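To start, the structure itself, in structure tokens.
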Number of protein chains: 4
Amino acid sequence: MGRAHAQAFRAAAFTFDLPAEPELDCIADIDEQRAAQAALSLGFRRSTGDWRKVVTDPAIDLVAIATPNILHAPIALAAMEAGKAVYCEKPLAARFEDSEQMMRAATARGVANGVGFTYLHNPMIQFARELVASGEIGEITGFRGVHAEDFMADPEAPFNWRCEPENAGGALADIGSHIVSLALHLAGGIESVSGALSTIHTHRRGRDGVERLVNVDDQMDAVVRFKNGATGVLAASWIASGRKMGLAFELTGTRGAISFTQERLNELQLFRAHGPSHSRGFVRIEAGVSHGDYAAFCPASGHQLGYNDLKTIEVKEMIHAIHGLPSLNKDFRFGLDVERVAEAIRTSHHSQTWANVA
Amino acid sequence: MGRAHAQAFRAAAFTFDLPAEPELDCIADIDEQRAAQAALSLGFRRSTGDWRKVVTDPAIDLVAIATPNILHAPIALAAMEAGKAVYCEKPLAARFEDSEQMMRAATARGVANGVGFTYLHNPMIQFARELVASGEIGEITGFRGVHAEDFMADPEAPFNWRCEPENAGGALADIGSHIVSLALHLAGGIESVSGALSTIHTHRRGRDGVERLVNVDDQMDAVVRFKNGATGVLAASWIASGRKMGLAFELTGTRGAISFTQERLNELQLFRAHGPSHSRGFVRIEAGVSHGDYAAFCPASGHQLGYNDLKTIEVKEMIHAIHGLPSLNKDFRFGLDVERVAEAIRTSHHSQTWANVA
Amino acid sequence: MGRAHAQAFRAAAFTFDLPAEPELDCIADIDEQRAAQAALSLGFRRSTGDWRKVVTDPAIDLVAIATPNILHAPIALAAMEAGKAVYCEKPLAARFEDSEQMMRAATARGVANGVGFTYLHNPMIQFARELVASGEIGEITGFRGVHAEDFMADPEAPFNWRCEPENAGGALADIGSHIVSLALHLAGGIESVSGALSTIHTHRRGRDGVERLVNVDDQMDAVVRFKNGATGVLAASWIASGRKMGLAFELTGTRGAISFTQERLNELQLFRAHGPSHSRGFVRIEAGVSHGDYAAFCPASGHQLGYNDLKTIEVKEMIHAIHGLPSLNKDFRFGLDVERVAEAIRTSHHSQTWANVA
Amino acid sequence: MGRAHAQAFRAAAFTFDLPAEPELDCIADIDEQRAAQAALSLGFRRSTGDWRKVVTDPAIDLVAIATPNILHAPIALAAMEAGKAVYCEKPLAARFEDSEQMMRAATARGVANGVGFTYLHNPMIQFARELVASGEIGEITGFRGVHAEDFMADPEAPFNWRCEPENAGGALADIGSHIVSLALHLAGGIESVSGALSTIHTHRRGRDGVERLVNVDDQMDAVVRFKNGATGVLAASWIASGRKMGLAFELTGTRGAISFTQERLNELQLFRAHGPSHSRGFVRIEAGVSHGDYAAFCPASGHQLGYNDLKTIEVKEMIHAIHGLPSLNKDFRFGLDVERVAEAIRTSHHSQTWANVA
């Protein structure tokens, strides 16, 4: 992910007319040698084995955090303390309380901040949001979403750091935040949830051959009520055999609907309930120059963007936010909103009843 | 639906080598004239304005019920009392207690009985069930299903009998039973549910122009736990703009997955986690002569079946059941299992907590 | 195919309000016993081992021909001679001259006649034709079509009657006529062609183990010019691995386009070049009650028709034609038009230059 | 396209471990001021208003040509004359003779050379080629391909340089080369063709309001015979309403088939004729870490590449070629092979008969 960040900062400078040219100054890794190598291969000027040196360095304006989740909070808090802008990978923090603290610190310090919900920066998702905002599909009535991957589907897949809750492991924390973020971004605030977390493979062997108890969820399933009265379901699974990037949703309104899957990220299906019934149906709209930031990458429609391009847009938005320009940057407030939903799902799971989103 | 039944009995006799040739003897409709006309157009010998005459007529062996839901129980009970086999449209009855009574009566009288979960008789669903049974996708871990239609999506759609709970109206009862039936058929028994029913359009105007309160759900959303440990979500909506027959599911196992939508009922997507990773993916399997009863309709693969063909298979299974032959007929017991899940969803909705399926 | 005919005549009477009720009177098969059995299983009153008896029987009004291609002409000619209406499977005849003779006889005798281009009776194709006729996609500029199946893809597939040209075997005659018929039906008359026939598997072993030379084409590929100035390509293959019913086309006009595949026969993709560019795209239209004869089969959209339903519509049109009612029946004239294109492709193949369609 | 080149050189250096780090030294544009601006925005050190200065500059090792087609040959020839490596956009040259001359010069000078058939560098196309090479789909028997776009579909689209043959305008030259390149890359050499070029909109108004005669083709349609005995059709159209990047093909072999469309460039459909018939079908394979260069961009499968990533791979291959490393670079020889097919199609069009590919 560090590599993806570096790529995106470089590409953003090339692709967009930014208010300031980002420079890749210093990279930190706990392994000093790895840091030095990474600096070389990714194009940083300097490197260090201690992230604390970066966050207090006066030459640094922006700290980008692509570490394991457990380090998000300490680095972000130290960086904000030092007055740096912070760009943090999702989820905001490994523990909910830490996310709250990050939000408070960001407000107190008044620093620019952003969180890496990359899929929201897809021009087709930008377009979907505009469709909703313009009333094109009417009042929102329902949202069904899922993030399904299969990287833990094999019962023999080894125990790893993602299998431990203190690392914000589990399907909900690790990938579920993506579908929650899409729900919030497109359908609006969530009021309450009833959810279940389940661990299908309760034991996994580590690479050392020792069997360990898995304390995180393989799947999350939830019913949600939105503040606007809409309802729906959210699901996440990292044992969903056959799915690599099964991040998909259908958003329904009184006058239309939008259907999307990240498996075909350059397409959006739009239904509008007008015109003669014999020619109604979902329109397959291909990404093109009239959608969001697409034209910054390709001068002609239909050429398609890839994942790294979405990351590049995200970095552009972050830099715009730092410079006080209008921006679609998703800040810590949004990141905390996502965590609040995830936390409510956990609460609901334990209480076996509905939980309000704080 | 009466027409679909008549068609299916005629076609079943032509398509399959049945143990007995069904004869369309007598049709009942509360409007005697309409009954007479229907008899003529559908090919019944006789007609009546009083269903009670049919259910006690010694010449009748099988009573097929395609009335409004509220009449299912009285007709079925009377027919079974008279020793007739009964083939009843889903849902079994408008009230849960009536469904239970029908089940008890069926057991007590020992008559053949079937319920119209037509989509389960699709050769591709027959095939899906065989895949599950043979272990082709491993242990079942998840099921995500939805039945989405849009015939009530327009807020101006008029108030009708489906808007009244005593008629088993609402999205859950009216169409939700289909996705519940698929879940039970393919993923196994459901242990508990946490569900929500929501009425988005709380008032609708009748054809007389008078505004009425709608007392049934527009949407149902639920989390479900299966007895085998799998989890998932079920949803139903009759206000899902753009969906005509959005009955779809993804069934996941430890070694594979099956994805299906009734929108493309002659296809099934199958993933199997074996072989080199570079050539894995979902296989789009087209209905053909090696799938279920397909070959009874078309001698070559790829020609496709339609809805009426599925109904025809259903009737064949019912007739086989009557004659004690091996059959995939879904009987009242299955119909009651579906109602139990629906009832648990209602209970959960009212109690705001999980409900066990009886 | 005889079975499909019988089914369709029965179902047409049930499904449509026909001007006359068809009765399955007499079935002929060269094997008298098989004929008798077929009569029993398909519901004919009588049977015979000699088709000549049928075509001259005064009790018979309509002769339906579902024999090997080589018998189409003699039966049809005899039947027309006796003043019978004739409903003949495609292709019209095994030899082009015979098709011409059939056309002349039909004109001379003034009998109703029809040819079985079943796919044209799909409500979605009826709809496509209406879209074209109404100018919805502008002036036609292009047509790309293919009929790909794989029943001869295996080099070990045995030599059979379809491997002999005198039986109208080969991909062009056997399945190519379908894509030619769609081109003519939707894009208009074809002026000239440049085509190639190729035999990839030049030898096949018969079931007797003896290797024989295959004298028919495995694939046909052609460039076509339409009379209206449009151009395009047509292809047919019976060795197209993976395709069961790969009958597909894209029809392009100055203001829109229609894309269709028989693999998803209940769908049509429609593009119209109007509205803002950001929401343009192909609309996936599902078969419903506002399309052609769909509503005669299902009262609600989205339920889908199957192959046998298309055949049922075809029979209805034939019966309408017999009774002089407005009809979409495809008559011998149309069948001959298809043969003329096929013949021009053969001529072009042999001359290695363009051939005009007669 | 100059921008895409600049992006690709920068990204290639970042993404791959190249044998040499490319430096963007000097950019030329006939408008000196535009050149200076471009240098600034694209990150070149220097700029010039005269391409001749670039091609003879001793500091320059590689000349990348992204000019109008008519300038390809003079620049490439001058650059090769000066011993530079040349990376030229497709088509090789505006006139066939110039392409031949470029090929001769490249051979004579022994300089590295490449042509921009970007779509061939898609990891899914790399994978398709490996599948073919390994015999996974058996002997190649057919190829049906099309490149359909709609940027000239509107009859009111203004006359522009692409409407003039001397600029290598027209659908065949401008976009048809892509589908020809895929045919050659995957199905092998083409022996002969029978093709037609058609100009549907024979007159277009320039931006000055003056109506001009269009001397190039709107559509190309051709039948092709491959050297290996396979046959197929190729088509190109720039008036294909609704298509933005309709570059699609189906490649058929005796034991399988590959289906692909650039509209879903991160997917490939693979059919293999083995295993039980009930579970055969096209497998939808999503781009992932085991396909070609995918992993250089994303560490996890399913994230997807975009157009610019394909260009980046192309540049990497070119640089590898310059350094004598194993490379999938498509050189002038390949570019000339494509032009030979295009030229044969033109010849065939004029002679109205088959033309051999030189």
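Quick note on naming: the chains in the structure tokens go A, B, ... in the order shown, residues restart at 1 in each chain, and ligands are numbered from 1 in order of appearance.
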Point to revise | Test item: chain D residues at most 9 Å from chain B, counting only C-alpha atoms, as number ranges by chain | key: D: 127, 269-271, 277-291
Practice item. From the DSSP assignment of the backbone, select every residue of region 52-300 of chain D that is strand (DSSP E or B), and format the answer as a count of residues only. Key: 77
**Study point:** Selection: 6 Å around Phe143 (chain D), only C-alpha atoms, excl. self and same-chain fewer than 5 positions, as an NGL selection string
**Key:** :D and (232 or 250-251)
Write the residues of the selection above to a file with N, CA and C atoms, as an mmCIF file, in the first residue's frame.
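What follows is the written file part_22.cif:
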data_model
loop_
_atom_site.group_PDB
_atom_site.id
_atom_site.type_symbol
_atom_site.label_atom_id
_atom_site.label_comp_id
_atom_site.auth_asym_id
_atom_site.auth_seq_id
_atom_site.Cartn_x
_atom_site.Cartn_y
_atom_site.Cartn_z
ATOM 1 N N GLY D 232 -12.471 -16.531 -40.702
ATOM 2 C CA GLY D 232 -13.225 -15.645 -39.819
ATOM 3 C C GLY D 232 -13.608 -14.351 -40.481
ATOM 4 N N GLU D 250 -13.892 -13.273 -30.701
ATOM 5 C CA GLU D 250 -14.002 -14.645 -30.214
ATOM 6 C C GLU D 250 -13.060 -15.490 -31.052
ATOM 7 N N LEU D 251 -12.177 -16.165 -30.341
ATOM 8 C CA LEU D 251 -11.150 -17.001 -30.955
ATOM 9 C C LEU D 251 -11.515 -18.442 -30.634
#
Review point. Nearest to Asp154 (chain B) among A:Gly43, A:Gly176, A:Gly138, A:Gly169, with distances taken over only C-alpha atoms: which residue is it?
Key: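 Ranked by minimum distance to Asp154 (chain B), first place goes to A:Gly138.
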Practice item. Might you pull out every residue within 7 Å of Cys163 (chain D), with only C-alpha atoms counted and same-chain residues fewer than 5 positions away left off, and present them as a list in words? Key: Gly169, Gly170, Val214, Asn215 and Val216 of chain D
